[in-house]
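K.L.:
What follows is structure_11.cif, mmCIF, C-alpha atoms; chains and numbers go by the auth columns.
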data_target
#
loop_
_atom_site.group_PDB
_atom_site.id
_atom_site.type_symbol
_atom_site.label_atom_id
_atom_site.label_comp_id
_atom_site.label_asym_id
_atom_site.label_seq_id
_atom_site.Cartn_x
_atom_site.Cartn_y
_atom_site.Cartn_z
_atom_site.B_iso_or_equiv
_atom_site.auth_seq_id
_atom_site.auth_asym_id
ATOM 1 C CA MET A 1 0.000 0.000 0.000 0.00 1 A
ATOM 2 C CA ASN A 2 1.125 3.532 -0.703 0.00 2 A
ATOM 3 C CA LEU A 3 1.393 4.871 2.886 0.00 3 A
ATOM 4 C CA PRO A 4 2.089 8.515 1.926 0.00 4 A
ATOM 5 C CA MET A 5 -1.059 8.473 -0.228 0.00 5 A
ATOM 6 C CA LEU A 6 -3.106 6.933 2.612 0.00 6 A
ATOM 7 C CA LYS A 7 -1.768 9.529 5.074 0.00 7 A
ATOM 8 C CA ALA A 8 -2.701 12.373 2.726 0.00 8 A
ATOM 9 C CA GLN A 9 -6.189 10.909 2.309 0.00 9 A
ATOM 10 C CA LEU A 10 -6.674 10.550 6.068 0.00 10 A
ATOM 11 C CA VAL A 11 -5.522 14.145 6.645 0.00 11 A
ATOM 12 C CA ARG A 12 -8.038 15.299 4.024 0.00 12 A
ATOM 13 C CA HIS A 13 -10.853 13.311 5.596 0.00 13 A
ATOM 14 C CA GLU A 14 -10.038 13.671 9.297 0.00 14 A
ATOM 15 C CA ALA A 15 -8.200 17.035 9.215 0.00 15 A
ATOM 16 C CA LEU A 16 -4.998 17.810 11.099 0.00 16 A
ATOM 17 C CA ARG A 17 -5.678 19.460 14.434 0.00 17 A
ATOM 18 C CA LEU A 18 -2.783 20.323 16.684 0.00 18 A
ATOM 19 C CA LYS A 19 -4.907 21.066 19.741 0.00 19 A
ATOM 20 C CA PRO A 20 -7.344 18.702 21.456 0.00 20 A
ATOM 21 C CA TYR A 21 -10.950 18.894 20.323 0.00 21 A
ATOM 22 C CA LYS A 22 -14.158 16.900 20.764 0.00 22 A
ATOM 23 C CA ASP A 23 -15.107 14.940 17.661 0.00 23 A
ATOM 24 C CA THR A 24 -18.689 14.504 16.444 0.00 24 A
ATOM 25 C CA GLU A 25 -19.219 11.792 19.088 0.00 25 A
ATOM 26 C CA GLY A 26 -17.812 13.986 21.880 0.00 26 A
ATOM 27 C CA ILE A 27 -14.553 12.022 22.109 0.00 27 A
ATOM 28 C CA LEU A 28 -11.414 14.004 22.971 0.00 28 A
ATOM 29 C CA THR A 29 -9.256 13.832 19.839 0.00 29 A
ATOM 30 C CA ILE A 30 -6.016 15.323 18.499 0.00 30 A
ATOM 31 C CA GLY A 31 -3.804 15.159 15.422 0.00 31 A
ATOM 32 C CA VAL A 32 -5.387 13.206 12.607 0.00 32 A
ATOM 33 C CA GLY A 33 -8.371 11.660 14.376 0.00 33 A
ATOM 34 C CA ARG A 34 -6.365 10.250 17.340 0.00 34 A
ATOM 35 C CA ASN A 35 -8.758 9.203 20.093 0.00 35 A
ATOM 36 C CA LEU A 36 -7.078 10.446 23.278 0.00 36 A
ATOM 37 C CA GLU A 37 -9.392 8.418 25.478 0.00 37 A
ATOM 38 C CA LYS A 38 -7.518 5.297 24.321 0.00 38 A
ATOM 39 C CA GLY A 39 -4.262 6.834 25.565 0.00 39 A
ATOM 40 C CA ILE A 40 -0.859 6.614 23.921 0.00 40 A
ATOM 41 C CA THR A 41 1.947 4.093 23.867 0.00 41 A
ATOM 42 C CA GLU A 42 5.089 4.443 25.953 0.00 42 A
ATOM 43 C CA ALA A 43 7.068 5.030 22.741 0.00 43 A
ATOM 44 C CA GLU A 44 4.705 7.860 21.774 0.00 44 A
ATOM 45 C CA ALA A 45 5.036 9.365 25.256 0.00 45 A
ATOM 46 C CA MET A 46 8.844 9.326 24.903 0.00 46 A
ATOM 47 C CA VAL A 47 8.639 11.081 21.508 0.00 47 A
ATOM 48 C CA LEU A 48 6.472 13.770 23.111 0.00 48 A
ATOM 49 C CA LEU A 49 8.926 14.035 26.015 0.00 49 A
ATOM 50 C CA ASP A 50 11.884 14.401 23.637 0.00 50 A
ATOM 51 C CA ASN A 51 10.077 17.217 21.830 0.00 51 A
ATOM 52 C CA ASP A 52 9.130 18.894 25.117 0.00 52 A
ATOM 53 C CA ILE A 53 12.747 18.754 26.330 0.00 53 A
ATOM 54 C CA ILE A 54 13.925 20.389 23.097 0.00 54 A
ATOM 55 C CA SER A 55 11.327 23.124 23.671 0.00 55 A
ATOM 56 C CA VAL A 56 12.514 23.626 27.279 0.00 56 A
ATOM 57 C CA PHE A 57 16.132 23.948 26.109 0.00 57 A
ATOM 58 C CA ASP A 58 15.077 26.500 23.472 0.00 58 A
ATOM 59 C CA ASP A 59 13.147 28.504 26.086 0.00 59 A
ATOM 60 C CA LEU A 60 16.091 28.473 28.493 0.00 60 A
ATOM 61 C CA ASP A 61 18.557 29.424 25.741 0.00 61 A
ATOM 62 C CA ARG A 62 16.360 32.411 24.846 0.00 62 A
ATOM 63 C CA SER A 63 15.589 33.570 28.376 0.00 63 A
ATOM 64 C CA CYS A 64 18.545 32.451 30.518 0.00 64 A
ATOM 65 C CA SER A 65 21.503 32.344 28.159 0.00 65 A
ATOM 66 C CA TRP A 66 23.865 31.724 31.094 0.00 66 A
ATOM 67 C CA TRP A 67 22.204 28.439 32.089 0.00 67 A
ATOM 68 C CA ARG A 68 24.501 26.233 29.997 0.00 68 A
ATOM 69 C CA LYS A 69 27.535 27.474 31.978 0.00 69 A
ATOM 70 C CA MET A 70 26.274 25.705 35.101 0.00 70 A
ATOM 71 C CA SER A 71 27.224 22.122 35.910 0.00 71 A
ATOM 72 C CA GLU A 72 25.171 19.428 34.212 0.00 72 A
ATOM 73 C CA SER A 73 23.398 18.633 37.476 0.00 73 A
ATOM 74 C CA ARG A 74 22.346 22.271 37.939 0.00 74 A
ATOM 75 C CA GLN A 75 21.280 22.493 34.299 0.00 75 A
ATOM 76 C CA MET A 76 19.064 19.483 34.967 0.00 76 A
ATOM 77 C CA VAL A 77 17.497 21.319 37.918 0.00 77 A
ATOM 78 C CA LEU A 78 16.660 24.360 35.826 0.00 78 A
ATOM 79 C CA ALA A 79 15.378 22.251 32.925 0.00 79 A
ATOM 80 C CA ASP A 80 13.228 20.206 35.323 0.00 80 A
ATOM 81 C CA MET A 81 11.750 23.366 36.828 0.00 81 A
ATOM 82 C CA CYS A 82 11.125 24.856 33.381 0.00 82 A
ATOM 83 C CA PHE A 83 9.458 21.633 32.239 0.00 83 A
ATOM 84 C CA ASN A 84 7.209 21.672 35.301 0.00 84 A
ATOM 85 C CA LEU A 85 6.432 25.383 35.475 0.00 85 A
ATOM 86 C CA GLY A 86 6.794 26.599 31.906 0.00 86 A
ATOM 87 C CA ILE A 87 9.222 29.369 31.021 0.00 87 A
ATOM 88 C CA ASN A 88 6.910 32.237 31.984 0.00 88 A
ATOM 89 C CA ARG A 89 6.310 30.990 35.521 0.00 89 A
ATOM 90 C CA LEU A 90 9.967 30.013 35.891 0.00 90 A
ATOM 91 C CA LEU A 91 11.001 33.581 35.051 0.00 91 A
ATOM 92 C CA GLY A 92 8.951 34.675 38.061 0.00 92 A
ATOM 93 C CA PHE A 93 11.628 33.051 40.265 0.00 93 A
ATOM 94 C CA GLN A 94 13.740 36.190 39.955 0.00 94 A
ATOM 95 C CA ARG A 95 15.748 35.768 43.184 0.00 95 A
ATOM 96 C CA THR A 96 16.355 32.081 42.457 0.00 96 A
ATOM 97 C CA LEU A 97 17.563 32.805 38.933 0.00 97 A
ATOM 98 C CA ALA A 98 19.731 35.705 40.108 0.00 98 A
ATOM 99 C CA ALA A 99 21.359 33.449 42.717 0.00 99 A
ATOM 100 C CA MET A 100 21.990 30.798 40.059 0.00 100 A
ATOM 101 C CA GLN A 101 23.464 33.318 37.675 0.00 101 A
ATOM 102 C CA SER A 102 25.840 34.568 40.381 0.00 102 A
ATOM 103 C CA GLU A 103 26.687 30.958 41.350 0.00 103 A
ATOM 104 C CA ASN A 104 25.283 31.348 44.852 0.00 104 A
ATOM 105 C CA TRP A 105 23.982 27.782 45.009 0.00 105 A
ATOM 106 C CA ASP A 106 22.856 27.783 48.653 0.00 106 A
ATOM 107 C CA ASP A 107 20.751 30.905 48.143 0.00 107 A
ATOM 108 C CA ALA A 108 19.333 29.494 44.897 0.00 108 A
ATOM 109 C CA ALA A 109 18.302 26.309 46.719 0.00 109 A
ATOM 110 C CA ALA A 110 16.804 28.277 49.616 0.00 110 A
ATOM 111 C CA GLU A 111 14.831 30.486 47.238 0.00 111 A
ATOM 112 C CA MET A 112 13.553 27.424 45.391 0.00 112 A
ATOM 113 C CA LEU A 113 12.266 25.972 48.648 0.00 113 A
ATOM 114 C CA ASP A 114 10.719 29.255 49.766 0.00 114 A
ATOM 115 C CA SER A 115 7.981 29.142 47.138 0.00 115 A
ATOM 116 C CA ARG A 116 4.447 28.022 46.496 0.00 116 A
ATOM 117 C CA TRP A 117 5.883 25.696 43.840 0.00 117 A
ATOM 118 C CA ALA A 118 7.973 23.861 46.477 0.00 118 A
ATOM 119 C CA ARG A 119 4.903 23.390 48.657 0.00 119 A
ATOM 120 C CA GLN A 120 3.003 22.019 45.660 0.00 120 A
ATOM 121 C CA VAL A 121 5.639 19.555 44.414 0.00 121 A
ATOM 122 C CA GLY A 122 7.031 18.542 47.821 0.00 122 A
ATOM 123 C CA PRO A 123 9.808 15.931 47.504 0.00 123 A
ATOM 124 C CA ARG A 124 10.587 17.018 43.953 0.00 124 A
ATOM 125 C CA ALA A 125 11.566 20.472 45.228 0.00 125 A
ATOM 126 C CA GLU A 126 13.721 18.964 47.984 0.00 126 A
ATOM 127 C CA THR A 127 15.531 16.754 45.467 0.00 127 A
ATOM 128 C CA LEU A 128 16.106 19.638 43.059 0.00 128 A
ATOM 129 C CA ALA A 129 17.270 21.996 45.836 0.00 129 A
ATOM 130 C CA ASN A 130 19.800 19.379 46.984 0.00 130 A
ATOM 131 C CA MET A 131 21.019 18.987 43.397 0.00 131 A
ATOM 132 C CA MET A 132 21.371 22.769 43.183 0.00 132 A
ATOM 133 C CA ARG A 133 23.415 22.909 46.394 0.00 133 A
ATOM 134 C CA MET A 134 25.663 19.954 45.569 0.00 134 A
ATOM 135 C CA GLY A 135 26.094 20.653 41.859 0.00 135 A
#
Show the structure stored in the file as structure tokens.

P.N.:
Amino acid sequence: MNLPMLKAQLVRHEALRLKPYKDTEGILTIGVGRNLEKGITEAEAMVLLDNDIISVFDDLDRSCSWWRKMSESRQMVLADMCFNLGINRLLGFQRTLAAMQSENWDDAAAEMLDSRWARQVGPRAETLANMMRMG
């Protein structure tokens, strides 16, 4: 079977929608008729994660150009926070980011923990603050 031709036909018939929508039966759908109620495979979840990580790196490169000068462990902390919060909410952590930029790791960790985010994510914040301190 000619798969490219089938794909083009399905896109014509189903449409390509990049945001979730309810189909004619009220089923949450995305892409080319993908029924989200059936879920996704682990492989599909990892593809989405890879794309989301690339997006996080792009956001951090644009907004915190200094972030790649930190140790890998501290870069992971900032990327994890950006993934969780989104770049706009992360940029609200002005004192945390300033402490990171000036390599004041203890203050950065303390500022991370002194936040509503830390209260919401609990052990995740503790783990990330320890990574920030230890580098």

K.L.:
Find the axis-aligned box for segment 112-115 of chain A, covering all its listed atoms and adding 4 Å on each side, and write its centre and edge lengths in Å to one decimal as lines of an AutoDock Vina configuration file.

P.N.:
center_x = 10.8
center_y = 27.6
center_z = 47.6
size_x = 13.6
size_y = 11.3
size_z = 12.4

K.L.:
Could you tell me how far atom CA of Ala45 of chain A lies from atom CA of Asp59 of chain A, in Å and to one decimal?

P.N.:
20.8 Å

K.L.:
What residues come out when you apply the PyMOL selection byres ((chain A and resi 95-101) around 10) to this file, written as a ChimeraX atom specification?

P.N.:
/A:64-67,69-70,74,78,90-94,102-114,132

K.L.:
Write to file, as a tab-separated table (two decimals), in the coordinates of the input, the residues of the selection just made, with C-alpha atoms.

P.N.:
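Once everything was written out, this is selection_28.tsv:
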chain	number	residue	atom	x	y	z
A	64	CYS	CA	18.55	32.45	30.52
A	65	SER	CA	21.50	32.34	28.16
A	66	TRP	CA	23.86	31.72	31.09
A	67	TRP	CA	22.20	28.44	32.09
A	69	LYS	CA	27.54	27.47	31.98
A	70	MET	CA	26.27	25.70	35.10
A	74	ARG	CA	22.35	22.27	37.94
A	78	LEU	CA	16.66	24.36	35.83
A	90	LEU	CA	9.97	30.01	35.89
A	91	LEU	CA	11.00	33.58	35.05
A	92	GLY	CA	8.95	34.67	38.06
A	93	PHE	CA	11.63	33.05	40.26
A	94	GLN	CA	13.74	36.19	39.96
A	102	SER	CA	25.84	34.57	40.38
A	103	GLU	CA	26.69	30.96	41.35
A	104	ASN	CA	25.28	31.35	44.85
A	105	TRP	CA	23.98	27.78	45.01
A	106	ASP	CA	22.86	27.78	48.65
A	107	ASP	CA	20.75	30.90	48.14
A	108	ALA	CA	19.33	29.49	44.90
A	109	ALA	CA	18.30	26.31	46.72
A	110	ALA	CA	16.80	28.28	49.62
A	111	GLU	CA	14.83	30.49	47.24
A	112	MET	CA	13.55	27.42	45.39
A	113	LEU	CA	12.27	25.97	48.65
A	114	ASP	CA	10.72	29.26	49.77
A	132	MET	CA	21.37	22.77	43.18

K.L.:
Rounded to one decimal place, report the atom CA of Leu85 of chain A-atom CA of Val121 of chain A distance in Å.

P.N.:
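Atom CA of Val121 of chain A lies 10.7 Å from atom CA of Leu85 of chain A.
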
K.L.:
Write out as a list in words each polymer residue whose atoms come within 9 Å of segment 31-44 of chain A, counting only C-alpha atoms; drop sequence neighbours fewer than 5 positions from it.

P.N.:
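Using only C-alpha atoms, the neighbours found are Leu10, Val11, His13, Glu14, Ala15, Leu16, Arg17, Leu18, Lys19, Pro20, Asp23 and Leu49 of chain A.
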
K.L.:
Using all atoms listed in the file, which of the listed residues (A:Ser63, A:Ser55, A:Ser115, A:Ser71) sits closest to Phe83 of chain A?

P.N.:
A:Ser55

K.L.:
For Phe57 of chain A, please output as a VMD selection string all residues within 9 Å (counting all atoms listed in the file; exclusion window: fewer than 5 positions along the same chain).

P.N.:
chain A and resid 52 62 79 82

K.L.:
Any idea what's packed within 10 Å of Asp80 of chain A, counting all atoms listed in the file, ignoring anything in its chain fewer than 3 positions away? Could you give it as an NGL selection string?

P.N.:
:A and (53 or 56 or 74-77 or 83-86 or 124 or 128)

K.L.:
So which one's closest to Ser73 of chain A, A:Thr127, A:Leu28, A:Asn88, A:Gly122? Using all atoms listed in the file, please.

P.N.:
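Ranked by minimum distance to Ser73 of chain A, first place goes to A:Thr127.
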
K.L.:
Quick one, how far is atom CA of Ala8 of chain A from atom CA of Ile30 of chain A?

P.N.:
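Result for atom CA of Ala8 of chain A versus atom CA of Ile30 of chain A: 16.4 Å, one decimal.
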
K.L.:
Using all atoms listed in the file for the distances, tell me which of A:Met81, A:Leu60, A:Ile27, A:Leu48 is nearest to Ala118 of chain A.

P.N.:
A:Met81
